[in-house]
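**Q** Contents are compact mmCIF, C-alpha atoms; file name run_21.txt:
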```
# COMPACT_ATOMS: atom_id res chain seq x y z
CA MET A 1 -31.59 -11.54 -39.12
CA THR A 2 -30.80 -13.28 -42.40
CA ALA A 3 -30.26 -10.02 -44.23
CA THR A 4 -27.51 -8.92 -41.89
CA ALA A 5 -25.94 -12.38 -41.82
CA GLU A 6 -25.59 -12.47 -45.63
CA SER A 7 -24.23 -8.96 -46.06
CA PRO A 8 -22.48 -7.73 -42.99
CA ALA A 9 -22.19 -3.97 -42.89
CA VAL A 10 -18.75 -2.47 -43.17
CA GLY A 11 -17.05 -2.35 -39.79
CA GLU A 12 -19.81 -4.28 -38.11
CA VAL A 13 -18.84 -5.59 -34.71
CA LYS A 14 -19.58 -9.29 -34.55
CA ALA A 15 -21.60 -10.66 -31.69
CA MET A 16 -20.01 -13.41 -29.64
CA THR A 17 -20.73 -15.53 -26.63
CA VAL A 18 -18.89 -14.49 -23.50
CA THR A 19 -18.68 -16.45 -20.28
CA LEU A 20 -18.67 -14.57 -17.00
CA ARG A 21 -17.61 -16.34 -13.82
CA ILE A 22 -19.07 -14.33 -10.98
CA LEU A 23 -18.26 -14.74 -7.29
CA ARG A 24 -21.67 -14.58 -5.69
CA SER A 25 -23.12 -14.67 -2.20
CA LYS A 26 -26.55 -14.24 -0.77
CA PRO A 27 -27.17 -13.03 2.77
CA GLU A 28 -30.29 -15.20 2.90
CA GLY A 29 -28.53 -18.20 1.32
CA THR A 30 -29.78 -20.48 -1.44
CA ASP A 31 -30.80 -24.13 -1.56
CA GLU A 32 -27.18 -25.21 -2.04
CA HIS A 33 -25.35 -22.44 -0.23
CA LYS A 34 -25.37 -21.19 3.33
CA PRO A 35 -26.21 -17.53 4.03
CA GLY A 36 -23.25 -15.34 3.12
CA GLU A 37 -21.27 -18.23 1.60
CA GLN A 38 -19.39 -17.25 -1.53
CA TYR A 39 -19.67 -19.44 -4.61
CA TRP A 40 -18.86 -19.18 -8.30
CA GLN A 41 -21.56 -19.06 -10.92
CA GLU A 42 -21.06 -18.97 -14.68
CA PHE A 43 -23.26 -17.09 -17.12
CA GLN A 44 -23.10 -16.98 -20.88
CA VAL A 45 -24.21 -13.86 -22.67
CA GLU A 46 -24.34 -12.72 -26.27
CA ALA A 47 -22.31 -9.56 -26.48
CA HIS A 48 -20.22 -7.47 -28.80
CA ALA A 49 -16.48 -7.04 -28.40
CA THR A 50 -17.04 -3.34 -27.86
CA ASP A 51 -19.53 -3.93 -25.08
CA ARG A 52 -18.43 -3.22 -21.55
CA VAL A 53 -18.42 -5.66 -18.67
CA LEU A 54 -21.25 -3.61 -17.21
CA ASP A 55 -23.36 -4.32 -20.33
CA ALA A 56 -22.74 -8.03 -19.88
CA LEU A 57 -23.72 -7.80 -16.20
CA HIS A 58 -26.87 -5.92 -17.19
CA LYS A 59 -27.74 -8.65 -19.69
CA ILE A 60 -27.37 -11.26 -16.99
CA LYS A 61 -29.44 -9.28 -14.51
CA TRP A 62 -32.15 -8.30 -16.96
CA GLU A 63 -32.42 -11.50 -19.01
CA GLN A 64 -31.09 -14.41 -16.96
CA ASP A 65 -30.93 -13.89 -13.22
CA GLY A 66 -32.59 -10.87 -11.66
CA SER A 67 -31.10 -11.68 -8.27
CA LEU A 68 -27.58 -10.70 -9.36
CA ALA A 69 -26.64 -7.66 -7.29
CA PHE A 70 -24.10 -4.99 -8.20
CA ARG A 71 -23.82 -1.22 -7.88
CA ARG A 72 -23.81 1.17 -10.79
CA SER A 73 -25.11 4.64 -11.27
CA CYS A 74 -23.89 6.77 -14.14
CA ALA A 75 -22.39 3.89 -16.15
CA HIS A 76 -19.88 6.27 -17.71
CA GLY A 77 -16.87 6.09 -15.43
CA VAL A 78 -17.58 9.15 -13.33
CA CYS A 79 -19.69 8.14 -10.34
CA GLY A 80 -17.34 5.42 -9.13
CA SER A 81 -20.07 2.99 -8.13
CA ASP A 82 -19.15 -0.11 -10.08
CA ALA A 83 -15.59 -0.85 -9.05
CA MET A 84 -15.10 -4.60 -9.05
CA ARG A 85 -12.30 -7.11 -9.41
CA ILE A 86 -12.33 -8.18 -13.05
CA ASN A 87 -9.77 -10.80 -14.08
CA ALA A 88 -7.90 -10.22 -10.81
CA ARG A 89 -7.58 -6.46 -11.30
CA ASN A 90 -9.71 -3.72 -9.81
CA ARG A 91 -11.52 -1.85 -12.55
CA LEU A 92 -14.74 -0.02 -13.23
CA ALA A 93 -17.13 -2.39 -15.03
CA CYS A 94 -18.39 0.56 -17.07
CA LYS A 95 -14.94 1.41 -18.41
CA THR A 96 -13.74 -2.09 -19.22
CA LEU A 97 -14.42 -3.35 -22.73
CA LEU A 98 -14.87 -7.07 -23.28
CA LYS A 99 -12.36 -7.05 -26.15
CA ASP A 100 -9.64 -5.93 -23.74
CA LEU A 101 -10.18 -8.96 -21.52
CA ASN A 102 -9.65 -11.94 -23.87
CA PRO A 103 -13.32 -12.95 -24.17
CA ALA A 104 -12.28 -16.44 -25.34
CA LYS A 105 -11.73 -17.31 -21.68
CA PRO A 106 -14.27 -16.88 -18.89
CA ILE A 107 -14.15 -13.36 -17.47
CA ILE A 108 -13.79 -13.53 -13.72
CA VAL A 109 -15.77 -10.96 -11.76
CA GLU A 110 -15.41 -10.65 -7.99
CA PRO A 111 -16.36 -8.01 -5.44
CA ILE A 112 -13.48 -5.68 -4.49
CA LYS A 113 -11.35 -7.21 -1.75
CA GLY A 114 -10.80 -6.07 1.82
CA LEU A 115 -14.30 -4.73 2.51
CA PRO A 116 -17.14 -6.84 3.92
CA VAL A 117 -19.29 -8.32 1.16
CA GLU A 118 -23.00 -7.68 1.53
CA LYS A 119 -24.37 -9.46 -1.52
CA ASP A 120 -22.80 -10.67 -4.76
CA LEU A 121 -20.66 -7.76 -5.99
CA ILE A 122 -21.86 -5.25 -3.40
CA VAL A 123 -19.53 -4.51 -0.49
CA ASP A 124 -19.97 -2.38 2.61
CA MET A 125 -18.14 0.84 1.72
CA GLU A 126 -18.47 2.33 5.21
CA PRO A 127 -14.91 1.56 6.46
CA PHE A 128 -13.63 3.16 3.26
CA PHE A 129 -15.69 6.32 3.72
CA ALA A 130 -14.81 6.44 7.42
CA SER A 131 -11.12 6.70 6.52
CA TYR A 132 -11.92 9.44 4.03
CA ARG A 133 -13.90 11.40 6.62
CA GLU A 134 -11.06 11.08 9.08
CA ILE A 135 -8.63 13.09 6.94
CA MET A 136 -11.17 15.96 6.88
CA PRO A 137 -11.75 16.36 3.14
CA PHE A 138 -12.99 19.95 3.21
CA LEU A 139 -11.43 23.39 2.99
CA MET A 140 -10.05 24.56 6.33
CA THR A 141 -9.12 28.21 6.73
CA THR A 142 -8.52 30.72 9.47
CA GLY A 143 -9.36 34.41 9.72
CA ASN A 144 -12.06 36.28 7.89
CA ALA A 145 -13.45 34.86 4.72
CA PRO A 146 -12.49 37.07 1.76
CA ALA A 147 -15.28 39.15 0.23
CA ARG A 148 -14.70 37.44 -3.11
CA GLU A 149 -13.16 34.11 -4.14
CA ARG A 150 -9.86 32.82 -2.76
CA LEU A 151 -7.35 33.47 -5.50
CA GLN A 152 -4.90 30.87 -6.73
CA SER A 153 -2.43 30.86 -9.59
CA SER A 154 -2.64 28.14 -12.21
CA GLU A 155 0.71 26.74 -10.97
CA GLN A 156 -0.72 26.47 -7.46
CA ARG A 157 -3.76 24.72 -8.91
CA ASP A 158 -1.58 22.31 -10.90
CA ARG A 159 0.19 21.23 -7.73
CA PHE A 160 -2.77 19.09 -6.64
CA ASP A 161 -4.57 18.70 -9.95
CA ASP A 162 -3.94 14.96 -10.17
CA THR A 163 -5.61 14.14 -6.87
CA THR A 164 -8.72 16.21 -7.61
CA LYS A 165 -9.70 13.54 -10.14
CA CYS A 166 -10.61 11.00 -7.47
CA ILE A 167 -14.14 9.61 -7.73
CA LEU A 168 -14.08 7.55 -4.51
CA CYS A 169 -14.62 4.24 -6.29
CA ALA A 170 -12.32 2.40 -3.81
CA ALA A 171 -10.46 0.59 -6.61
CA CYS A 172 -7.11 1.75 -5.19
CA THR A 173 -7.79 1.10 -1.52
CA THR A 174 -9.15 -2.39 -2.16
CA SER A 175 -6.18 -3.28 -4.37
CA CYS A 176 -3.72 -2.47 -1.60
CA PRO A 177 -2.14 -5.56 0.00
CA VAL A 178 -1.58 -3.66 3.25
CA PHE A 179 -5.26 -2.71 3.37
CA TRP A 180 -6.25 -6.37 2.83
CA THR A 181 -4.30 -7.57 5.86
CA ASP A 182 -4.50 -4.58 8.16
CA GLY A 183 -7.90 -3.16 8.95
CA GLN A 184 -6.34 -0.05 10.50
CA TYR A 185 -4.61 1.37 7.43
CA PHE A 186 -6.27 4.47 5.98
CA GLY A 187 -5.75 3.14 2.49
CA PRO A 188 -4.52 4.95 -0.62
CA GLN A 189 -7.76 6.81 -1.31
CA ALA A 190 -7.82 8.64 2.03
CA ILE A 191 -4.22 9.75 1.43
CA VAL A 192 -5.16 10.93 -2.07
CA GLY A 193 -8.05 12.84 -0.53
CA ALA A 194 -5.70 14.41 2.02
CA HIS A 195 -3.14 15.22 -0.68
CA ARG A 196 -5.77 17.20 -2.55
CA PHE A 197 -6.05 19.60 0.41
CA ILE A 198 -2.53 19.42 1.83
CA PHE A 199 -1.09 20.78 -1.41
CA ASP A 200 -3.89 23.30 -1.99
CA SER A 201 -2.51 26.80 -1.39
CA ARG A 202 -5.90 28.02 -0.16
CA ASP A 203 -6.14 25.44 2.60
CA GLU A 204 -4.62 25.98 6.04
CA GLY A 205 -5.30 22.61 7.62
CA GLN A 206 -2.24 20.85 6.17
CA TRP A 207 -0.68 20.06 9.52
CA ASP A 208 -3.93 18.78 10.99
CA ARG A 209 -4.14 16.31 8.13
CA LEU A 210 -0.43 15.49 8.15
CA GLU A 211 -0.68 14.83 11.88
CA ILE A 212 -3.38 12.26 11.20
CA LEU A 213 -1.41 10.65 8.38
CA ASN A 214 1.77 10.55 10.51
CA ASP A 215 0.03 7.99 12.70
CA LYS A 216 0.91 4.31 12.90
CA ALA A 217 -1.82 3.50 10.39
CA GLY A 218 -1.03 6.48 8.16
CA VAL A 219 1.28 6.92 5.20
CA TRP A 220 4.10 4.89 6.75
CA LYS A 221 2.10 1.72 6.19
CA CYS A 222 2.56 2.23 2.45
CA ARG A 223 5.16 -0.19 1.04
CA THR A 224 4.99 1.26 -2.49
CA ALA A 225 3.49 -1.85 -4.06
CA PHE A 226 2.03 0.40 -6.80
CA ASN A 227 -1.19 -1.69 -6.93
CA CYS A 228 -3.18 1.49 -6.30
CA THR A 229 -1.61 3.40 -9.19
CA GLU A 230 -2.33 0.47 -11.50
CA ALA A 231 -5.89 0.13 -10.30
CA CYS A 232 -6.97 3.77 -10.47
CA PRO A 233 -9.54 4.14 -13.28
CA ARG A 234 -8.87 7.88 -13.34
CA GLY A 235 -5.15 7.46 -13.90
CA ILE A 236 -4.18 9.20 -10.67
CA GLU A 237 -0.56 8.52 -9.72
CA VAL A 238 -1.60 7.34 -6.27
CA THR A 239 1.74 6.03 -5.05
CA LYS A 240 3.39 9.28 -6.13
CA ALA A 241 0.81 11.26 -4.15
CA ILE A 242 1.49 9.11 -1.08
CA SER A 243 5.22 9.67 -1.50
CA GLU A 244 4.66 13.42 -1.73
CA VAL A 245 2.80 13.30 1.58
CA LYS A 246 5.69 11.31 3.09
CA HIS A 247 8.08 13.91 1.71
CA ALA A 248 6.04 16.76 3.21
CA LEU A 249 6.10 14.95 6.56
CA THR A 250 9.85 14.32 6.58
CA THR A 251 10.99 17.67 5.21
CA GLY A 252 8.13 20.03 6.08
CA GLU A 253 8.16 21.27 2.47
CA PHE A 254 5.11 21.38 0.26
CA MET B 1 -25.93 44.45 4.55
CA THR B 2 -23.95 44.04 7.71
CA ALA B 3 -21.94 41.09 6.48
CA SER B 4 -18.72 43.08 6.07
CA SER B 5 -18.81 44.46 9.62
CA ALA B 6 -19.97 41.34 11.45
CA PRO B 7 -17.09 39.62 13.22
CA PHE B 8 -16.18 36.22 11.83
CA THR B 9 -17.21 33.45 14.14
CA PRO B 10 -15.64 30.11 13.31
CA GLY B 11 -17.82 27.03 13.38
CA PRO B 12 -17.57 24.47 16.16
CA LYS B 13 -14.04 23.15 16.43
CA ILE B 14 -13.37 19.98 14.54
CA LYS B 15 -12.60 17.06 16.80
CA GLU B 16 -8.93 16.65 17.61
CA PRO B 17 -7.12 14.24 15.35
CA ARG B 18 -7.14 10.96 17.16
CA ILE B 19 -4.45 8.35 17.14
CA ARG B 20 -6.08 5.42 15.36
CA SER B 21 -3.87 2.85 16.93
CA GLY B 22 -4.66 4.24 20.38
CA ARG B 23 -0.96 4.69 21.09
CA LEU B 24 0.48 8.09 21.80
CA ARG B 25 3.86 7.90 20.17
CA PRO B 26 3.67 10.37 17.33
CA GLY B 27 6.42 10.15 14.78
CA ALA B 28 7.58 6.66 15.77
CA GLU B 29 6.54 5.13 12.47
CA GLN B 30 8.12 8.02 10.62
CA TRP B 31 11.48 7.28 12.26
CA SER B 32 11.08 3.61 11.51
CA TRP B 33 10.53 4.54 7.86
CA ARG B 34 13.51 6.90 7.81
CA PHE B 35 15.69 4.25 9.40
CA MET B 36 14.72 1.74 6.71
CA ARG B 37 15.45 4.27 3.98
CA ILE B 38 18.93 5.02 5.36
CA SER B 39 19.97 1.55 6.51
CA GLY B 40 18.86 -0.11 3.25
CA PRO B 41 21.38 1.56 0.91
CA LEU B 42 24.06 1.41 3.61
CA LEU B 43 23.54 -2.34 3.89
CA VAL B 44 23.79 -2.76 0.12
CA VAL B 45 27.23 -1.14 0.18
CA LEU B 46 28.39 -2.95 3.33
CA ILE B 47 27.22 -6.40 2.23
CA LEU B 48 28.33 -6.19 -1.40
CA THR B 49 31.80 -5.01 -0.35
CA HIS B 50 31.92 -7.76 2.26
CA LEU B 51 31.02 -10.38 -0.33
CA PHE B 52 33.46 -8.92 -2.86
CA ILE B 53 36.40 -8.95 -0.41
CA ASN B 54 35.62 -12.43 0.89
CA LEU B 55 34.68 -14.22 -2.30
CA LEU B 56 36.18 -12.47 -5.29
CA THR B 57 39.57 -11.19 -4.17
CA GLY B 58 42.56 -13.45 -3.42
CA ASP B 59 41.77 -17.18 -3.55
CA GLY B 60 38.04 -16.58 -3.54
CA VAL B 61 35.87 -18.84 -1.42
CA ASN B 62 38.77 -21.24 -0.73
CA GLN B 63 40.62 -18.65 1.32
CA ILE B 64 37.94 -18.51 4.01
CA ASP B 65 39.09 -20.37 7.09
CA PHE B 66 39.84 -19.57 10.72
CA ALA B 67 43.06 -17.79 9.78
CA PHE B 68 41.31 -15.59 7.21
CA VAL B 69 38.61 -14.48 9.63
CA ALA B 70 41.14 -13.99 12.42
CA GLY B 71 43.30 -11.92 10.09
CA LYS B 72 40.37 -9.73 9.13
CA TRP B 73 39.24 -9.13 12.69
CA ALA B 74 42.76 -8.13 13.70
CA SER B 75 42.05 -4.86 11.87
CA PRO B 76 39.75 -2.31 13.53
CA LEU B 77 38.29 -1.45 10.11
CA TRP B 78 36.80 -4.91 9.67
CA GLN B 79 35.69 -5.04 13.28
CA VAL B 80 33.71 -1.84 12.78
CA TRP B 81 32.55 -3.01 9.33
CA ASP B 82 31.24 -6.30 10.67
CA ILE B 83 29.56 -4.86 13.76
CA LEU B 84 27.86 -2.22 11.58
CA MET B 85 26.70 -4.90 9.18
CA LEU B 86 25.44 -7.04 12.04
CA VAL B 87 23.58 -4.26 13.86
CA LEU B 88 22.08 -2.68 10.74
CA ALA B 89 21.05 -6.01 9.23
CA MET B 90 19.42 -7.17 12.45
CA LEU B 91 17.60 -3.89 13.03
CA HIS B 92 16.55 -3.52 9.38
CA GLY B 93 15.37 -7.12 9.15
CA GLY B 94 13.84 -6.99 12.61
CA ASN B 95 11.94 -3.82 11.81
CA GLY B 96 10.66 -5.41 8.61
CA MET B 97 9.48 -8.42 10.59
CA ARG B 98 7.83 -6.10 13.10
CA LEU B 99 5.83 -4.49 10.29
CA LEU B 100 4.83 -7.93 8.99
CA ILE B 101 3.68 -8.94 12.47
CA ASN B 102 1.66 -5.72 12.70
CA ASP B 103 0.04 -6.56 9.37
CA TYR B 104 -0.77 -10.21 9.88
CA ALA B 105 -1.05 -10.89 13.64
CA HIS B 106 -4.49 -9.52 14.42
CA HIS B 107 -4.83 -10.87 17.94
CA ALA B 108 -3.27 -8.52 20.52
CA THR B 109 -1.76 -11.33 22.62
CA LEU B 110 -0.31 -13.11 19.62
CA ARG B 111 1.18 -9.84 18.43
CA LYS B 112 2.75 -9.23 21.81
CA VAL B 113 4.24 -12.72 21.92
CA LEU B 114 5.65 -12.45 18.40
CA HIS B 115 7.02 -8.97 19.00
CA SER B 116 8.75 -10.10 22.22
CA ALA B 117 10.20 -13.18 20.52
CA LEU B 118 11.45 -10.99 17.70
CA GLY B 119 12.98 -8.49 20.13
CA VAL B 120 14.75 -11.23 22.08
CA ALA B 121 16.11 -12.74 18.87
CA VAL B 122 17.33 -9.41 17.50
CA ILE B 123 18.98 -8.27 20.74
CA GLY B 124 20.36 -11.74 21.45
CA ILE B 125 22.02 -12.03 18.05
CA ILE B 126 23.44 -8.50 18.22
CA VAL B 127 24.90 -9.12 21.70
CA LEU B 128 26.36 -12.53 20.79
CA GLY B 129 27.77 -11.20 17.50
CA ALA B 130 29.31 -8.16 19.16
CA LEU B 131 30.82 -10.41 21.80
CA VAL B 132 32.44 -12.59 19.14
CA ILE B 133 33.77 -9.66 17.15
CA PHE B 134 35.31 -7.78 20.07
CA THR B 135 36.48 -10.59 22.36
CA PHE B 136 37.81 -12.73 19.53
CA ASP B 137 41.15 -14.41 20.25
CA PRO B 138 42.96 -14.97 16.93
CA CYS B 139 45.69 -17.10 18.56
CA PRO B 140 44.20 -19.65 20.98
CA LEU B 141 47.00 -21.29 22.95
CA ASP B 142 46.25 -24.98 22.39
CA ALA B 143 45.42 -24.76 18.68
CA ASP B 144 47.21 -26.36 15.73
CA PRO B 145 49.64 -23.63 14.52
CA SER B 146 48.95 -24.47 10.86
CA LEU B 147 45.37 -23.24 11.25
CA LEU B 148 46.27 -19.91 12.78
CA PRO B 149 46.98 -16.61 11.03
CA SER B 150 50.63 -15.85 10.25
CA PHE B 151 51.01 -13.10 12.84
CA CYS B 152 50.41 -15.54 15.71
CA GLU B 153 54.07 -16.69 15.64
CA ASP B 154 55.20 -13.16 16.53
CA VAL B 155 52.74 -12.98 19.37
CA ARG B 156 54.12 -16.06 21.12
```
Please go through the file and, once you have read it, give me the structure as structure tokens.
**A**
Amino acid sequence: MTATAESPAVGEVKAMTVTLRILRSKPEGTDEHKPGEQYWQEFQVEAHATDRVLDALHKIKWEQDGSLAFRRSCAHGVCGSDAMRINARNRLACKTLLKDLNPAKPIIVEPIKGLPVEKDLIVDMEPFFASYREIMPFLMTTGNAPARERLQSSEQRDRFDDTTKCILCAACTTSCPVFWTDGQYFGPQAIVGAHRFIFDSRDEGQWDRLEILNDKAGVWKCRTAFNCTEACPRGIEVTKAISEVKHALTTGEF
Amino acid sequence: MTASSAPFTPGPKIKEPRIRSGRLRPGAEQWSWRFMRISGPLLVVLILTHLFINLLTGDGVNQIDFAFVAGKWASPLWQVWDILMLVLAMLHGGNGMRLLINDYAHHATLRKVLHSALGVAVIGIIVLGALVIFTFDPCPLDADPSLLPSFCEDVR
């Protein structure tokens, strides 16, 4: 301890105290709070600027309050489990560094909006997945299956490359103001999922999917707020994908 | 291996796409969206020109009185211009309000009430406005001649 304090190593990242303000809720309630009631709780953790919000949450859960509930699996930005609202923006806790959040102020962590909260930062993802299932996210073909693979040129593959990056974290859908107010809207993610197949040259179910998205609660609900594009941790141009689906619907061109 | 000769049997058919809103009016929202896309830019041109002619040419805002409006509506161009502006603005704004009601009014009865009120307002204003534009009398008989447009003297 003293040795490192007297001669800090070159490039050493200094530890600091960070405050996290977490919007919590317990289905069973606490002494002060009714079951399911949401309340703010502050935690202070020692962390490095290069630590991620997920590390700070882990420190809280492992060292201070084991009852804190949140989802995470791979912790490396691929599984899409730990989307949460951090400082009023949807992000993955495992991809957000503390130094990018102004750690001098309390970091505000909330569950993603628009889905029913189950406990603390965990929401019920079922309505989100139901929308995804509805656009039939699987290859649909007719006729005999070819003896070998279905061929595709690299240009044809590029056409839908952007939307193949989706990890189903729900950051886009739960950042959408239309999704917050209207429970019927498919949400940006389902449209991204549909886009991935609609513009795939191997798939033949485009019009089945477009039919679904032409519905009252389909793409026409999109008001191009661009919240989804900003929220996507994979950098997918979500609003552009939605517009391409609209374009396919109005012109019949792919 | 008989795989190559066996006839391909597709799996069970996927359930028909259902209309989430439970209303069978496919394409309605698409036309609403197209209408907004077309009427929006049209309105920008119509309204900006309207404002330019009324406020920036001639004496500016001071020129606007009964005679000015009467003079404008004596020309079929401005009659068509104003009725277009009225109809497009009411439908564009009304459609926008309809979408807002769809978003925020979750109770079916409330939605119905708001939609009907909106429809009555939109149609009412269009009808009243059209009535004014097309039945407008620029030279009422018992009016002060100094307030009337110049061409009224020829009419009498």
**Q** Got a sec: who's within 9 Å of Phe68 in chain B, counting all atoms listed in the file, leaving out chain neighbours fewer than 5 positions off, as a list in words?
**A**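 So the residues in contact are Gln63, Trp73, Leu148 and Pro149 of chain B.
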**Q** What are the residues of chain A that have an atom within 9 Å of an atom of chain B, counting all atoms listed in the file, as a list in words?
**A**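 That gives Glu134, Ile135, Met136, Thr142, Gly143, Asn144, Ala145, Ala147, Val178, Phe179, Thr181, Asp182, Gly183, Gln184, Asp208, Arg209, Glu211, Ile212, Asn214, Asp215, Lys216, Ala217, Gly218, Val219, Trp220, Lys221, Lys246, Leu249 and Thr250 of chain A for chain A.
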**Q** Would you put the residues from that selection into a file with C-alpha atoms, as a short mmCIF file (atom, residue, chain, number, x, y, z; two decimals), in the frame of the given file?
**A**
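After the write, again_22.cif holds the following:
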```cif
data_model
loop_
_atom_site.label_atom_id
_atom_site.label_comp_id
_atom_site.auth_asym_id
_atom_site.auth_seq_id
_atom_site.Cartn_x
_atom_site.Cartn_y
_atom_site.Cartn_z
CA GLU A 134 -11.06 11.08 9.08
CA ILE A 135 -8.63 13.09 6.94
CA MET A 136 -11.17 15.96 6.88
CA THR A 142 -8.52 30.72 9.47
CA GLY A 143 -9.36 34.41 9.72
CA ASN A 144 -12.06 36.28 7.89
CA ALA A 145 -13.45 34.86 4.72
CA ALA A 147 -15.28 39.15 0.23
CA VAL A 178 -1.58 -3.66 3.25
CA PHE A 179 -5.26 -2.71 3.37
CA THR A 181 -4.30 -7.57 5.86
CA ASP A 182 -4.50 -4.58 8.16
CA GLY A 183 -7.90 -3.16 8.95
CA GLN A 184 -6.34 -0.05 10.50
CA ASP A 208 -3.93 18.78 10.99
CA ARG A 209 -4.14 16.31 8.13
CA GLU A 211 -0.68 14.83 11.88
CA ILE A 212 -3.38 12.26 11.20
CA ASN A 214 1.77 10.55 10.51
CA ASP A 215 0.03 7.99 12.70
CA LYS A 216 0.91 4.31 12.90
CA ALA A 217 -1.82 3.50 10.39
CA GLY A 218 -1.03 6.48 8.16
CA VAL A 219 1.28 6.92 5.20
CA TRP A 220 4.10 4.89 6.75
CA LYS A 221 2.10 1.72 6.19
CA LYS A 246 5.69 11.31 3.09
CA LEU A 249 6.10 14.95 6.56
CA THR A 250 9.85 14.32 6.58
#
```
**Q** What does the structure give for the distance between CA of Ala89 in chain B and CA of Leu43 in chain B, in Å to one decimal?
**A**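 Taking CA of Ala89 in chain B as the start and CA of Leu43 in chain B as the end point, the length is 6.9 Å.
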**Q** Could you tell me how far CA of Gly93 in chain B sits from CA of Val132 in chain B, in Å to one decimal place?
**A**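 CA of Val132 in chain B sits 20.5 Å away from CA of Gly93 in chain B.
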**Q** Which value, in Å to one decimal, gives the distance between CA of Ser75 in chain B and CA of Met36 in chain B?
**A**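 That distance, rounded to one decimal, is 28.6 Å.
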**Q** Hey, can I get the axis-aligned box for range 238-244 of chain A? All listed atoms, 8 Å padding on each side, centre and edge lengths in Å to one decimal, as AutoDock Vina command-line options.
**A**
```
--center_x 1.8 --center_y 9.7 --center_z -3.7 --size_x 22.8 --size_y 23.4 --size_z 21.2
```
**Q** Quick one: residues within 10 Å of Glu46 in chain A, all atoms listed in the file, excluding same-chain residues fewer than 4 positions away - as a PyMOL selection string?
**A** chain A and resi 15-19+56+59-60
**Q** Env of Cys166 in chain A: 10 Å cut, atoms = all atoms listed in the file, seq-sep filter 2 positions within chain, self excluded. Answer as number ranges by chain.
**A** A: 78-80, 162-164, 168-170, 189, 192-193, 196, 232-236, 238
**Q** Taking C-alpha atoms for each residue, export the selection above as a PDB file, in the coordinates of the input.
**A**
```
ATOM      1  CA  VAL A  78     -17.580   9.150 -13.330  1.00  0.00           C
ATOM      2  CA  CYS A  79     -19.690   8.140 -10.340  1.00  0.00           C
ATOM      3  CA  GLY A  80     -17.340   5.420  -9.130  1.00  0.00           C
ATOM      4  CA  ASP A 162      -3.940  14.960 -10.170  1.00  0.00           C
ATOM      5  CA  THR A 163      -5.610  14.140  -6.870  1.00  0.00           C
ATOM      6  CA  THR A 164      -8.720  16.210  -7.610  1.00  0.00           C
ATOM      7  CA  LEU A 168     -14.080   7.550  -4.510  1.00  0.00           C
ATOM      8  CA  CYS A 169     -14.620   4.240  -6.290  1.00  0.00           C
ATOM      9  CA  ALA A 170     -12.320   2.400  -3.810  1.00  0.00           C
ATOM     10  CA  GLN A 189      -7.760   6.810  -1.310  1.00  0.00           C
ATOM     11  CA  VAL A 192      -5.160  10.930  -2.070  1.00  0.00           C
ATOM     12  CA  GLY A 193      -8.050  12.840  -0.530  1.00  0.00           C
ATOM     13  CA  ARG A 196      -5.770  17.200  -2.550  1.00  0.00           C
ATOM     14  CA  CYS A 232      -6.970   3.770 -10.470  1.00  0.00           C
ATOM     15  CA  PRO A 233      -9.540   4.140 -13.280  1.00  0.00           C
ATOM     16  CA  ARG A 234      -8.870   7.880 -13.340  1.00  0.00           C
ATOM     17  CA  GLY A 235      -5.150   7.460 -13.900  1.00  0.00           C
ATOM     18  CA  ILE A 236      -4.180   9.200 -10.670  1.00  0.00           C
ATOM     19  CA  VAL A 238      -1.600   7.340  -6.270  1.00  0.00           C
TER      20      VAL A 238
END
```
**Q** Any idea what's packed within 10 Å of Glu118 in chain A, counting all atoms listed in the file, ignoring anything in its chain fewer than 6 positions away? Could you give it as a list in words?
**A** Ser25, Lys26, Pro27, Gly36, Ala69, Pro111, Asp124 and Met125 of chain A
**Q** Name all residues at most 10 Å from range 96-100 of chain A (count all atoms listed in the file; drop same-chain ones fewer than 4 positions away) and give them as an mmCIF file with C-alpha atoms, keeping the file's coordinate frame.
**A**
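The resulting file, part_30.cif, is reproduced below:
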```cif
data_model
loop_
_atom_site.group_PDB
_atom_site.id
_atom_site.type_symbol
_atom_site.label_atom_id
_atom_site.label_comp_id
_atom_site.auth_asym_id
_atom_site.auth_seq_id
_atom_site.Cartn_x
_atom_site.Cartn_y
_atom_site.Cartn_z
ATOM 1 C CA VAL A 18 -18.890 -14.490 -23.500
ATOM 2 C CA ALA A 47 -22.310 -9.560 -26.480
ATOM 3 C CA HIS A 48 -20.220 -7.470 -28.800
ATOM 4 C CA ALA A 49 -16.480 -7.040 -28.400
ATOM 5 C CA THR A 50 -17.040 -3.340 -27.860
ATOM 6 C CA ASP A 51 -19.530 -3.930 -25.080
ATOM 7 C CA ARG A 52 -18.430 -3.220 -21.550
ATOM 8 C CA VAL A 53 -18.420 -5.660 -18.670
ATOM 9 C CA LEU A 54 -21.250 -3.610 -17.210
ATOM 10 C CA ASP A 55 -23.360 -4.320 -20.330
ATOM 11 C CA ALA A 56 -22.740 -8.030 -19.880
ATOM 12 C CA GLY A 77 -16.870 6.090 -15.430
ATOM 13 C CA ILE A 86 -12.330 -8.180 -13.050
ATOM 14 C CA ARG A 91 -11.520 -1.850 -12.550
ATOM 15 C CA LEU A 92 -14.740 -0.020 -13.230
ATOM 16 C CA ALA A 104 -12.280 -16.440 -25.340
ATOM 17 C CA ILE A 107 -14.150 -13.360 -17.470
ATOM 18 C CA PRO A 233 -9.540 4.140 -13.280
#
```
